[in-house]
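Shown here: input-v9.csv, CSV, C-alpha atoms.
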chain,number,residue,atom,x,y,z
R,1,MET,CA,-0.1,20.4,15.8
R,2,ALA,CA,-3.0,22.7,15.2
R,3,VAL,CA,-2.0,23.0,11.6
R,4,ALA,CA,-1.8,19.2,11.4
R,5,ILE,CA,-5.3,18.9,12.7
R,6,GLY,CA,-6.5,21.5,10.3
R,7,VAL,CA,-5.0,19.5,7.4
R,8,LEU,CA,-6.7,16.3,8.5
R,9,GLU,CA,-10.0,18.0,8.9
R,10,SER,CA,-9.7,19.6,5.5
R,11,ALA,CA,-9.4,16.1,4.0
R,12,GLU,CA,-13.1,15.6,4.8
R,13,ASN,CA,-13.9,18.2,2.3
R,14,GLY,CA,-12.4,16.1,-0.5
R,15,PRO,CA,-9.1,14.6,-1.3
R,16,PHE,CA,-6.2,17.0,-2.0
R,17,SER,CA,-7.5,20.3,-1.0
R,18,SER,CA,-5.2,23.2,-1.7
R,19,LEU,CA,-4.1,23.3,1.9
R,20,GLN,CA,-3.0,19.7,1.7
R,21,ARG,CA,-1.1,20.4,-1.4
R,22,LEU,CA,0.6,23.3,0.2
R,23,MET,CA,1.5,21.2,3.3
R,24,PHE,CA,2.8,18.4,1.0
R,25,ALA,CA,5.0,20.9,-0.8
R,26,VAL,CA,6.4,22.2,2.5
R,27,GLN,CA,6.9,18.7,3.9
R,28,SER,CA,8.6,17.5,0.7
R,29,LYS,CA,11.2,20.3,0.8
R,30,SER,CA,11.9,20.0,4.5
R,31,ALA,CA,11.8,16.2,4.9
R,32,GLY,CA,14.4,15.1,2.3
R,33,HIS,CA,13.5,11.4,1.8
R,34,GLY,CA,10.3,12.1,3.6
R,35,VAL,CA,11.1,10.0,6.7
R,36,GLY,CA,11.7,12.9,9.1
R,37,ASN,CA,9.5,13.8,12.0
R,38,ASP,CA,6.2,14.8,10.4
R,39,PRO,CA,3.3,15.3,12.9
R,40,VAL,CA,0.9,15.5,10.0
R,41,GLU,CA,2.0,12.1,8.8
R,42,ALA,CA,1.7,10.7,12.3
R,43,GLY,CA,-1.7,12.2,12.6
R,44,ALA,CA,-2.8,10.8,9.3
R,45,ILE,CA,-1.7,7.3,10.1
R,46,ALA,CA,-3.4,7.4,13.5
R,47,ALA,CA,-6.6,8.7,11.8
R,48,VAL,CA,-6.5,5.9,9.1
R,49,LYS,CA,-6.0,3.3,11.9
R,50,GLY,CA,-9.0,4.8,13.6
R,51,GLY,CA,-11.1,4.3,10.5
R,52,ASP,CA,-10.8,7.6,8.8
R,53,ASN,CA,-10.0,6.4,5.3
R,54,ARG,CA,-9.8,9.9,3.8
R,55,SER,CA,-6.7,10.7,5.8
R,56,TYR,CA,-4.9,8.2,3.7
R,57,ASP,CA,-5.0,10.8,0.9
R,58,TYR,CA,-2.2,12.7,2.6
R,59,LEU,CA,0.1,9.8,2.7
R,60,VAL,CA,-0.6,9.0,-0.9
R,61,SER,CA,0.1,12.6,-2.0
R,62,LYS,CA,3.3,12.8,0.0
R,63,TYR,CA,4.9,9.5,-1.2
R,64,MET,CA,3.4,8.7,-4.6
R,65,LYS,CA,6.1,10.4,-6.8
R,66,ARG,CA,8.9,8.5,-5.0
R,67,VAL,CA,6.9,5.3,-5.1
R,68,VAL,CA,6.2,5.5,-8.8
R,69,SER,CA,9.9,6.4,-9.5
R,70,ILE,CA,11.1,3.4,-7.5
R,71,ALA,CA,8.7,1.1,-9.3
R,72,TRP,CA,9.6,2.4,-12.7
R,73,GLY,CA,13.3,2.1,-12.0
R,74,ILE,CA,12.9,-1.6,-11.4
R,75,VAL,CA,10.3,-2.6,-14.0
R,76,ARG,CA,11.1,0.2,-16.5
R,77,ASN,CA,7.5,0.4,-17.8
R,78,ALA,CA,5.2,3.4,-17.2
R,79,HIS,CA,2.0,1.4,-17.0
R,80,ASP,CA,3.4,-1.3,-14.8
R,81,ALA,CA,4.9,1.4,-12.5
R,82,GLU,CA,1.6,3.1,-12.1
R,83,ASP,CA,-0.2,-0.2,-11.4
R,84,LEU,CA,2.5,-1.2,-8.9
R,85,ALA,CA,2.3,2.1,-7.1
R,86,GLN,CA,-1.5,1.7,-6.8
R,87,GLU,CA,-1.2,-1.9,-5.5
R,88,ALA,CA,1.5,-0.8,-3.0
R,89,PHE,CA,-0.6,1.9,-1.5
R,90,VAL,CA,-3.7,-0.3,-1.3
R,91,LYS,CA,-1.7,-3.1,0.3
R,92,ALA,CA,-0.2,-0.7,2.8
R,93,PHE,CA,-3.7,0.5,3.6
R,94,GLN,CA,-5.0,-3.0,4.1
R,95,THR,CA,-2.2,-3.8,6.5
R,96,ILE,CA,-1.9,-0.5,8.2
R,97,GLY,CA,-3.1,-2.1,11.5
R,98,ARG,CA,0.3,-3.8,11.7
R,99,PHE,CA,2.2,-0.5,11.1
R,100,LYS,CA,4.1,0.6,14.2
R,101,THR,CA,2.8,4.0,15.4
R,102,GLY,CA,5.5,6.6,15.4
R,103,GLU,CA,7.5,5.0,12.6
R,104,PRO,CA,7.9,6.9,9.3
R,105,PHE,CA,5.6,5.7,6.5
R,106,GLY,CA,8.2,6.1,3.8
R,107,PRO,CA,10.4,3.1,4.4
R,108,TRP,CA,7.4,0.9,4.7
R,109,ILE,CA,5.7,1.9,1.5
R,110,TYR,CA,9.1,1.8,-0.3
R,111,ARG,CA,9.7,-1.7,0.9
R,112,ILE,CA,6.2,-2.8,-0.3
R,113,VAL,CA,6.6,-1.3,-3.8
R,114,THR,CA,10.1,-2.7,-4.1
R,115,ASN,CA,8.9,-6.2,-3.3
R,116,LEU,CA,6.0,-5.9,-5.7
R,117,ALA,CA,8.3,-4.7,-8.4
R,118,LEU,CA,10.8,-7.5,-7.8
R,119,ASP,CA,7.9,-10.0,-8.1
R,120,VAL,CA,7.1,-8.5,-11.5
R,121,VAL,CA,10.8,-8.9,-12.6
R,122,LYS,CA,10.9,-12.5,-11.4
R,123,ARG,CA,7.6,-13.3,-13.2
R,124,ARG,CA,9.0,-11.8,-16.4
R,125,GLN,CA,12.1,-13.9,-16.0
R,126,ARG,CA,10.1,-17.1,-15.4
R,127,PHE,CA,8.0,-16.2,-18.4
R,128,ARG,CA,11.1,-16.1,-20.5
R,129,HIS,CA,12.2,-19.4,-19.1
R,130,GLU,CA,15.3,-17.8,-17.8
R,131,GLU,CA,16.9,-18.8,-14.5
R,132,LEU,CA,17.1,-16.3,-11.7
R,133,SER,CA,20.7,-15.5,-12.1
R,134,ASP,CA,22.8,-12.4,-12.2
R,135,ALA,CA,24.5,-13.9,-15.3
R,136,GLN,CA,21.8,-12.5,-17.5
R,137,PRO,CA,21.7,-8.9,-18.3
R,138,ALA,CA,18.4,-7.2,-18.0
R,139,GLU,CA,16.2,-6.8,-21.1
R,140,ARG,CA,13.3,-4.7,-22.4
R,141,ARG,CA,14.3,-1.4,-21.0
R,142,ASP,CA,11.8,1.4,-21.4
R,143,ARG,CA,13.7,4.6,-22.1
R,144,ALA,CA,10.6,6.5,-23.4
R,145,ASP,CA,9.9,7.8,-20.0
R,146,LEU,CA,13.3,9.1,-19.1
R,147,PRO,CA,13.2,12.7,-17.9
R,148,ALA,CA,13.1,15.2,-20.7
R,149,VAL,CA,15.9,17.2,-19.1
R,150,THR,CA,18.3,14.2,-19.3
R,151,GLY,CA,21.2,15.0,-21.5
R,152,GLU,CA,24.0,12.9,-23.0
R,153,LEU,CA,25.5,12.4,-19.6
R,154,GLY,CA,22.2,11.1,-18.1
R,155,ARG,CA,21.6,8.9,-21.1
R,156,ARG,CA,25.0,7.3,-20.9
R,157,ILE,CA,24.7,6.7,-17.1
R,158,ASP,CA,21.2,5.2,-17.7
R,159,GLU,CA,22.5,2.9,-20.4
R,160,ALA,CA,25.4,1.8,-18.2
R,161,ILE,CA,23.1,1.0,-15.3
R,162,GLU,CA,20.6,-0.8,-17.4
R,163,SER,CA,23.3,-3.0,-18.9
R,164,LEU,CA,24.1,-4.4,-15.5
R,165,PRO,CA,22.9,-7.9,-14.4
R,166,GLU,CA,19.5,-7.7,-12.8
R,167,MET,CA,20.1,-7.4,-9.1
R,168,GLN,CA,23.2,-5.2,-9.6
R,169,ARG,CA,21.0,-3.0,-11.8
R,170,ILE,CA,18.3,-2.7,-9.2
R,171,VAL,CA,20.6,-2.1,-6.4
R,172,ALA,CA,22.7,0.4,-8.4
R,173,ARG,CA,19.5,2.2,-9.4
R,174,LEU,CA,18.2,2.5,-5.9
R,175,TYR,CA,21.6,3.8,-4.7
R,176,LEU,CA,22.7,6.0,-7.6
R,177,VAL,CA,19.4,7.4,-8.9
R,178,GLU,CA,17.0,7.1,-5.9
R,179,GLN,CA,19.8,8.1,-3.5
R,180,PHE,CA,19.0,5.5,-0.8
R,181,ASP,CA,21.8,4.3,1.4
R,182,HIS,CA,23.0,0.7,1.9
R,183,ALA,CA,20.9,0.1,5.0
R,184,GLU,CA,17.7,1.5,3.4
R,185,ILE,CA,18.2,-0.7,0.2
R,186,ALA,CA,18.8,-3.7,2.4
R,187,VAL,CA,15.5,-3.2,4.1
R,188,MET,CA,13.6,-2.5,0.9
R,189,THR,CA,15.0,-5.6,-1.0
R,190,GLY,CA,15.1,-8.0,2.0
R,191,LEU,CA,18.8,-8.6,1.3
R,192,SER,CA,21.6,-8.2,3.8
R,193,GLU,CA,23.7,-5.0,3.8
R,194,GLY,CA,26.7,-7.1,2.9
R,195,THR,CA,25.0,-8.4,-0.2
R,196,ILE,CA,24.0,-4.8,-1.1
R,197,ARG,CA,27.6,-3.7,-0.8
R,198,SER,CA,28.7,-6.7,-2.9
R,199,HIS,CA,26.2,-5.9,-5.7
R,200,LEU,CA,27.3,-2.3,-5.6
R,201,SER,CA,31.0,-3.2,-5.7
R,202,LEU,CA,30.5,-5.4,-8.8
R,203,ALA,CA,28.3,-2.7,-10.4
R,204,ARG,CA,30.9,0.0,-9.7
R,205,GLY,CA,33.6,-2.0,-11.6
R,206,LYS,CA,31.4,-2.3,-14.6
R,207,LEU,CA,30.3,1.3,-14.5
R,208,LYS,CA,33.9,2.4,-14.3
R,209,THR,CA,34.7,0.6,-17.5
R,210,ARG,CA,31.6,1.6,-19.4
R,211,LEU,CA,31.8,5.3,-18.3
R,212,ALA,CA,35.6,5.5,-18.6
R,213,ASP,CA,35.5,8.3,-21.1
R,214,LEU,CA,33.1,10.4,-19.0
R,215,TYR,CA,35.1,10.0,-15.8
R,216,GLU,CA,38.6,9.9,-17.2
R,217,ASP,CA,40.2,11.1,-14.0
R,218,ALA,CA,38.8,8.0,-12.3
R,219,HIS,CA,41.8,6.0,-13.7
R,220,GLU,CA,44.3,8.3,-12.1
W,1,MET,CA,40.3,9.1,-7.8
W,2,SER,CA,39.2,6.2,-5.6
W,3,ASP,CA,36.3,3.9,-6.6
W,4,ASP,CA,34.2,5.4,-3.8
W,5,LYS,CA,34.7,8.9,-5.2
W,6,LEU,CA,33.8,7.6,-8.7
W,7,LEU,CA,30.6,6.1,-7.4
W,8,GLU,CA,29.7,9.3,-5.6
W,9,ARG,CA,30.3,11.3,-8.8
W,10,ILE,CA,28.1,9.0,-10.8
W,11,ARG,CA,25.6,9.2,-8.0
W,12,ASN,CA,25.6,12.9,-8.1
W,13,ASP,CA,25.0,12.9,-11.9
W,14,ALA,CA,22.5,10.1,-11.8
W,15,ARG,CA,20.1,12.0,-9.5
W,16,GLN,CA,18.6,13.6,-12.6
W,17,LEU,CA,17.5,10.2,-13.8
W,18,ARG,CA,14.6,9.9,-11.3
W,19,TYR,CA,11.4,9.1,-13.1
W,20,GLU,CA,9.2,12.0,-14.1
W,21,PRO,CA,6.3,10.8,-16.3
W,22,LYS,CA,5.5,12.9,-19.3
W,23,ASP,CA,1.9,12.3,-18.6
W,24,ASP,CA,1.2,14.6,-15.7
W,25,ALA,CA,-2.4,13.3,-15.4
W,26,ILE,CA,-0.9,10.3,-13.5
W,27,TRP,CA,-0.7,12.5,-10.4
W,28,THR,CA,-4.4,13.0,-10.3
W,29,ARG,CA,-5.4,9.6,-11.8
W,30,LEU,CA,-3.3,7.6,-9.4
W,31,PRO,CA,-4.5,9.1,-6.1
W,32,ALA,CA,-8.1,9.0,-7.4
W,33,ARG,CA,-7.8,5.3,-8.1
W,34,ILE,CA,-6.2,4.6,-4.8
W,35,SER,CA,-8.8,6.6,-3.0
W,36,GLU,CA,-11.6,4.8,-4.8
W,37,ARG,CA,-10.3,1.4,-3.8
W,38,VAL,CA,-9.6,2.5,-0.2
W,39,GLN,CA,-13.1,4.1,0.1
W,40,ALA,CA,-14.6,1.0,-1.5
W,41,ARG,CA,-13.2,-1.1,1.4
W,42,GLY,CA,-15.1,1.1,3.8
W,43,SER,CA,-18.2,0.9,1.7
W,44,VAL,CA,-18.1,-2.9,1.7
W,45,ALA,CA,-18.0,-2.9,5.5
W,46,GLN,CA,-20.9,-0.5,5.5
W,47,LEU,CA,-22.8,-2.6,3.0
W,48,LEU,CA,-22.4,-5.7,5.0
W,49,ALA,CA,-23.5,-3.9,8.2
W,50,SER,CA,-26.6,-2.6,6.4
W,51,TRP,CA,-27.5,-6.2,5.5
W,52,PHE,CA,-26.6,-7.8,8.8
W,53,ARG,CA,-28.4,-5.3,11.0
W,54,PRO,CA,-31.9,-5.9,9.7
W,55,ILE,CA,-31.2,-9.7,9.6
W,56,ALA,CA,-30.1,-9.6,13.2
W,57,VAL,CA,-33.2,-7.6,14.2
W,58,SER,CA,-35.5,-10.1,12.3
W,59,LEU,CA,-33.9,-13.1,14.0
W,60,THR,CA,-34.2,-11.4,17.4
W,61,ALA,CA,-37.9,-10.7,16.7
W,62,LEU,CA,-38.4,-14.4,15.7
W,63,ALA,CA,-36.7,-15.7,18.8
W,64,LEU,CA,-38.8,-13.4,21.0
W,65,ALA,CA,-42.0,-14.5,19.3
W,66,ALA,CA,-41.0,-18.2,19.6
W,67,ALA,CA,-40.2,-17.8,23.3
W,68,LEU,CA,-43.6,-16.0,23.9
W,69,GLY,CA,-45.4,-18.7,21.9
W,70,LEU,CA,-43.8,-21.5,23.9
W,71,THR,CA,-44.7,-19.8,27.2
W,72,TRP,CA,-48.3,-19.3,26.1
W,73,MET,CA,-48.6,-23.0,25.0
W,74,GLU,CA,-47.1,-24.2,28.3
W,75,ARG,CA,-49.7,-22.1,30.2
W,76,SER,CA,-52.5,-23.4,28.0
W,77,GLN,CA,-51.4,-26.9,28.7
W,78,ASN,CA,-51.3,-26.2,32.4
W,79,VAL,CA,-54.9,-25.0,32.3
W,80,LEU,CA,-56.0,-28.1,30.4
W,81,ASP,CA,-54.1,-30.3,32.9
W,82,THR,CA,-55.8,-28.6,35.8
W,83,ILE,CA,-59.2,-29.1,34.2
W,84,ALA,CA,-58.4,-32.8,33.5
W,85,ALA,CA,-57.2,-33.3,37.1
W,86,SER,CA,-60.5,-32.0,38.6
W,87,PRO,CA,-63.3,-33.1,36.3
W,88,ILE,CA,-66.8,-31.5,36.6
W,89,ASP,CA,-69.7,-33.9,36.5
W,90,VAL,CA,-72.9,-32.7,35.0
W,91,SER,CA,-76.1,-34.7,35.4
W,92,VAL,CA,-78.8,-34.4,32.7
W,93,GLY,CA,-81.9,-36.5,32.7
W,94,GLY,CA,-80.4,-39.1,35.0
W,95,ASP,CA,-77.1,-39.5,32.9
W,96,THR,CA,-73.9,-38.1,34.3
W,97,PHE,CA,-71.4,-36.5,32.0
W,98,SER,CA,-67.8,-35.4,32.9
W,99,VAL,CA,-66.3,-32.3,31.3
W,100,ALA,CA,-62.9,-33.9,31.3
W,101,ASP,CA,-64.2,-36.5,28.9
As structure tokens:
Amino acid sequence: MAVAIGVLESAENGPFSSLQRLMFAVQSKSAGHGVGNDPVEAGAIAAVKGGDNRSYDYLVSKYMKRVVSIAWGIVRNAHDAEDLAQEAFVKAFQTIGRFKTGEPFGPWIYRIVTNLALDVVKRRQRFRHEELSDAQPAERRDRADLPAVTGELGRRIDEAIESLPEMQRIVARLYLVEQFDHAEIAVMTGLSEGTIRSHLSLARGKLKTRLADLYEDAHE
Amino acid sequence: MSDDKLLERIRNDARQLRYEPKDDAIWTRLPARISERVQARGSVAQLLASWFRPIAVSLTALALAAALGLTWMERSQNVLDTIAASPIDVSVGGDTFSVAD
């Protein structure tokens, strides 16, 4: 706890001090999805609620990479993803008074950014005069920002996921790429866990067909 | 292989597809923008407070002055009423004059 207080105090010297970065690196490695017990995070949330805006920098630095990745996976556009991440963090800050003390910040910010990204997808669909239906495959996929390390296997999987109908694509991406479980995706998207399983089941059938040559033993 | 195992294999391979921007500057630009907006909200509150505080002080001073003025006027009226109630007659050259008049 003494370390936690030290980190929070260091925030007053300016955002993202080296100590904060070090703490973030340690937390990122130990916390998995970042929702484990983190006294620094709890302290930062309490400080922000108490009016210390600078403590919010810690939460931003801890979750921003994941938040941007989630946004990009849904909207597939680098600029939109950055804007969405920014909006999500500002919105979370504005409503932090409603945030339950003791709860992990991760699921909350993930849900906010997912909802904002889904709104963008819906707006795009309305703009194209398309009905909100899973019958239409997603369009306009930005592959320019795929990780450089992605090889042929990654490219094929990405193409297969992106060829799925919209909600199957989003759910598949959150499950396969972002590694969230069914319950987490249900909370993030506002859908029931049963609906998530249904989307995944449909997606799995299509992926099985489209990636048959890569996973040949899948037909055994 | 069961469908669940297939999905888990794809999941394992798909992990590498997490977004990693080529432009690393995003990781300094994004928190800076968020921090700016978050701090701005604090600044707005401070700005409003800096305006409201002197206005509140001025209004208080005006109210105090008005209250003191009314009290003084009431007292003055009372003095006049007292004088009017007990007029002083002054005689000069056989004529009588009243101060209350």
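The protein and nucleic acid residues lying at most 6 Å from stretch 2-19 of chain W are R:Ser69, R:Leu176, R:Val177, with only C-alpha atoms considered and sequence neighbours fewer than 4 positions away removed.
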For this session: Please measure the separation of atom CA of R:Arg76 and atom CA of R:Glu216, giving the value in Å to one decimal.
Result: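 Those two atoms sit 29.2 Å apart.
Taking atom CA of R:Ala44 and atom CA of R:Tyr56 as endpoints, the distance between them is 6.5 Å.
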Exercise. Hey, what's within 12 Å of R:Asp181 if we count all atoms listed in the file and toss same-chain stuff fewer than 4 positions away? As a list in words, please?
Worked result: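 Residues near the query, excluding close chain neighbours: His33, Pro107, Val171, Ala172, Arg173, Leu174, Tyr175, Leu176, Val177, Ile185, Ala186, Val187, Met188, Glu193, Ile196, Arg197 and Leu200 of chain R; Glu8 and Arg11 of chain W.
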Exercise. How many Å separate atom CA of W:Leu68 from atom CA of W:Pro54?
Worked result: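 If I compute the distance from atom CA of W:Leu68 to atom CA of W:Pro54, I get 21.0 Å.
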Would you mind completing stretch 86-115 of chain R to N, CA and C atoms and writing the output as a CSV table (one decimal), in the coordinates of the input?
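Okay, this is what ended up in out17.csv:
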chain,number,residue,atom,x,y,z
R,86,GLN,N,-0.1,1.8,-7.3
R,86,GLN,CA,-1.5,1.7,-6.8
R,86,GLN,C,-1.6,0.4,-5.9
R,87,GLU,N,-1.1,-0.7,-6.3
R,87,GLU,CA,-1.2,-1.9,-5.5
R,87,GLU,C,-0.4,-1.7,-4.2
R,88,ALA,N,0.7,-1.1,-4.2
R,88,ALA,CA,1.5,-0.8,-3.0
R,88,ALA,C,0.7,0.0,-2.0
R,89,PHE,N,0.1,1.1,-2.5
R,89,PHE,CA,-0.6,1.9,-1.5
R,89,PHE,C,-1.9,1.2,-1.0
R,90,VAL,N,-2.5,0.4,-1.8
R,90,VAL,CA,-3.7,-0.3,-1.3
R,90,VAL,C,-3.3,-1.4,-0.3
R,91,LYS,N,-2.2,-2.1,-0.6
R,91,LYS,CA,-1.7,-3.1,0.3
R,91,LYS,C,-1.3,-2.5,1.6
R,92,ALA,N,-0.6,-1.3,1.5
R,92,ALA,CA,-0.2,-0.7,2.8
R,92,ALA,C,-1.4,-0.3,3.6
R,93,PHE,N,-2.5,0.2,2.9
R,93,PHE,CA,-3.7,0.5,3.6
R,93,PHE,C,-4.3,-0.7,4.3
R,94,GLN,N,-4.3,-1.8,3.6
R,94,GLN,CA,-5.0,-3.0,4.1
R,94,GLN,C,-4.3,-3.5,5.3
R,95,THR,N,-3.0,-3.3,5.4
R,95,THR,CA,-2.2,-3.8,6.5
R,95,THR,C,-1.7,-2.8,7.5
R,96,ILE,N,-2.4,-1.6,7.4
R,96,ILE,CA,-1.9,-0.5,8.2
R,96,ILE,C,-2.1,-0.8,9.7
R,97,GLY,N,-2.9,-1.7,10.1
R,97,GLY,CA,-3.1,-2.1,11.5
R,97,GLY,C,-1.8,-2.7,12.1
R,98,ARG,N,-1.0,-3.2,11.2
R,98,ARG,CA,0.3,-3.8,11.7
R,98,ARG,C,1.4,-2.8,11.7
R,99,PHE,N,1.2,-1.6,11.2
R,99,PHE,CA,2.2,-0.5,11.1
R,99,PHE,C,2.4,0.0,12.5
R,100,LYS,N,3.7,0.1,12.8
R,100,LYS,CA,4.1,0.6,14.2
R,100,LYS,C,3.8,2.1,14.3
R,101,THR,N,3.1,2.5,15.2
R,101,THR,CA,2.8,4.0,15.4
R,101,THR,C,4.1,4.7,15.8
R,102,GLY,N,4.3,5.8,15.1
R,102,GLY,CA,5.5,6.6,15.4
R,102,GLY,C,6.6,6.4,14.4
R,103,GLU,N,6.5,5.3,13.6
R,103,GLU,CA,7.5,5.0,12.6
R,103,GLU,C,7.1,5.9,11.3
R,104,PRO,N,8.2,6.2,10.6
R,104,PRO,CA,7.9,6.9,9.3
R,104,PRO,C,7.2,6.0,8.3
R,105,PHE,N,6.3,6.5,7.5
R,105,PHE,CA,5.6,5.7,6.5
R,105,PHE,C,6.5,5.4,5.3
R,106,GLY,N,7.4,6.3,5.0
R,106,GLY,CA,8.2,6.1,3.8
R,106,GLY,C,8.9,4.8,3.6
R,107,PRO,N,9.7,4.4,4.5
R,107,PRO,CA,10.4,3.1,4.4
R,107,PRO,C,9.5,1.9,4.2
R,108,TRP,N,8.4,2.0,4.8
R,108,TRP,CA,7.4,0.9,4.7
R,108,TRP,C,6.8,0.8,3.3
R,109,ILE,N,6.4,1.9,2.8
R,109,ILE,CA,5.7,1.9,1.5
R,109,ILE,C,6.8,1.6,0.4
R,110,TYR,N,8.0,2.1,0.6
R,110,TYR,CA,9.1,1.8,-0.3
R,110,TYR,C,9.4,0.3,-0.4
R,111,ARG,N,9.4,-0.3,0.8
R,111,ARG,CA,9.7,-1.7,0.9
R,111,ARG,C,8.6,-2.5,0.1
R,112,ILE,N,7.3,-2.1,0.4
R,112,ILE,CA,6.2,-2.8,-0.3
R,112,ILE,C,6.3,-2.7,-1.8
R,113,VAL,N,6.5,-1.5,-2.3
R,113,VAL,CA,6.6,-1.3,-3.8
R,113,VAL,C,7.8,-2.0,-4.4
R,114,THR,N,8.9,-2.0,-3.6
R,114,THR,CA,10.1,-2.7,-4.1
R,114,THR,C,9.8,-4.2,-4.2
R,115,ASN,N,9.2,-4.8,-3.2
R,115,ASN,CA,8.9,-6.2,-3.3
R,115,ASN,C,7.9,-6.5,-4.4
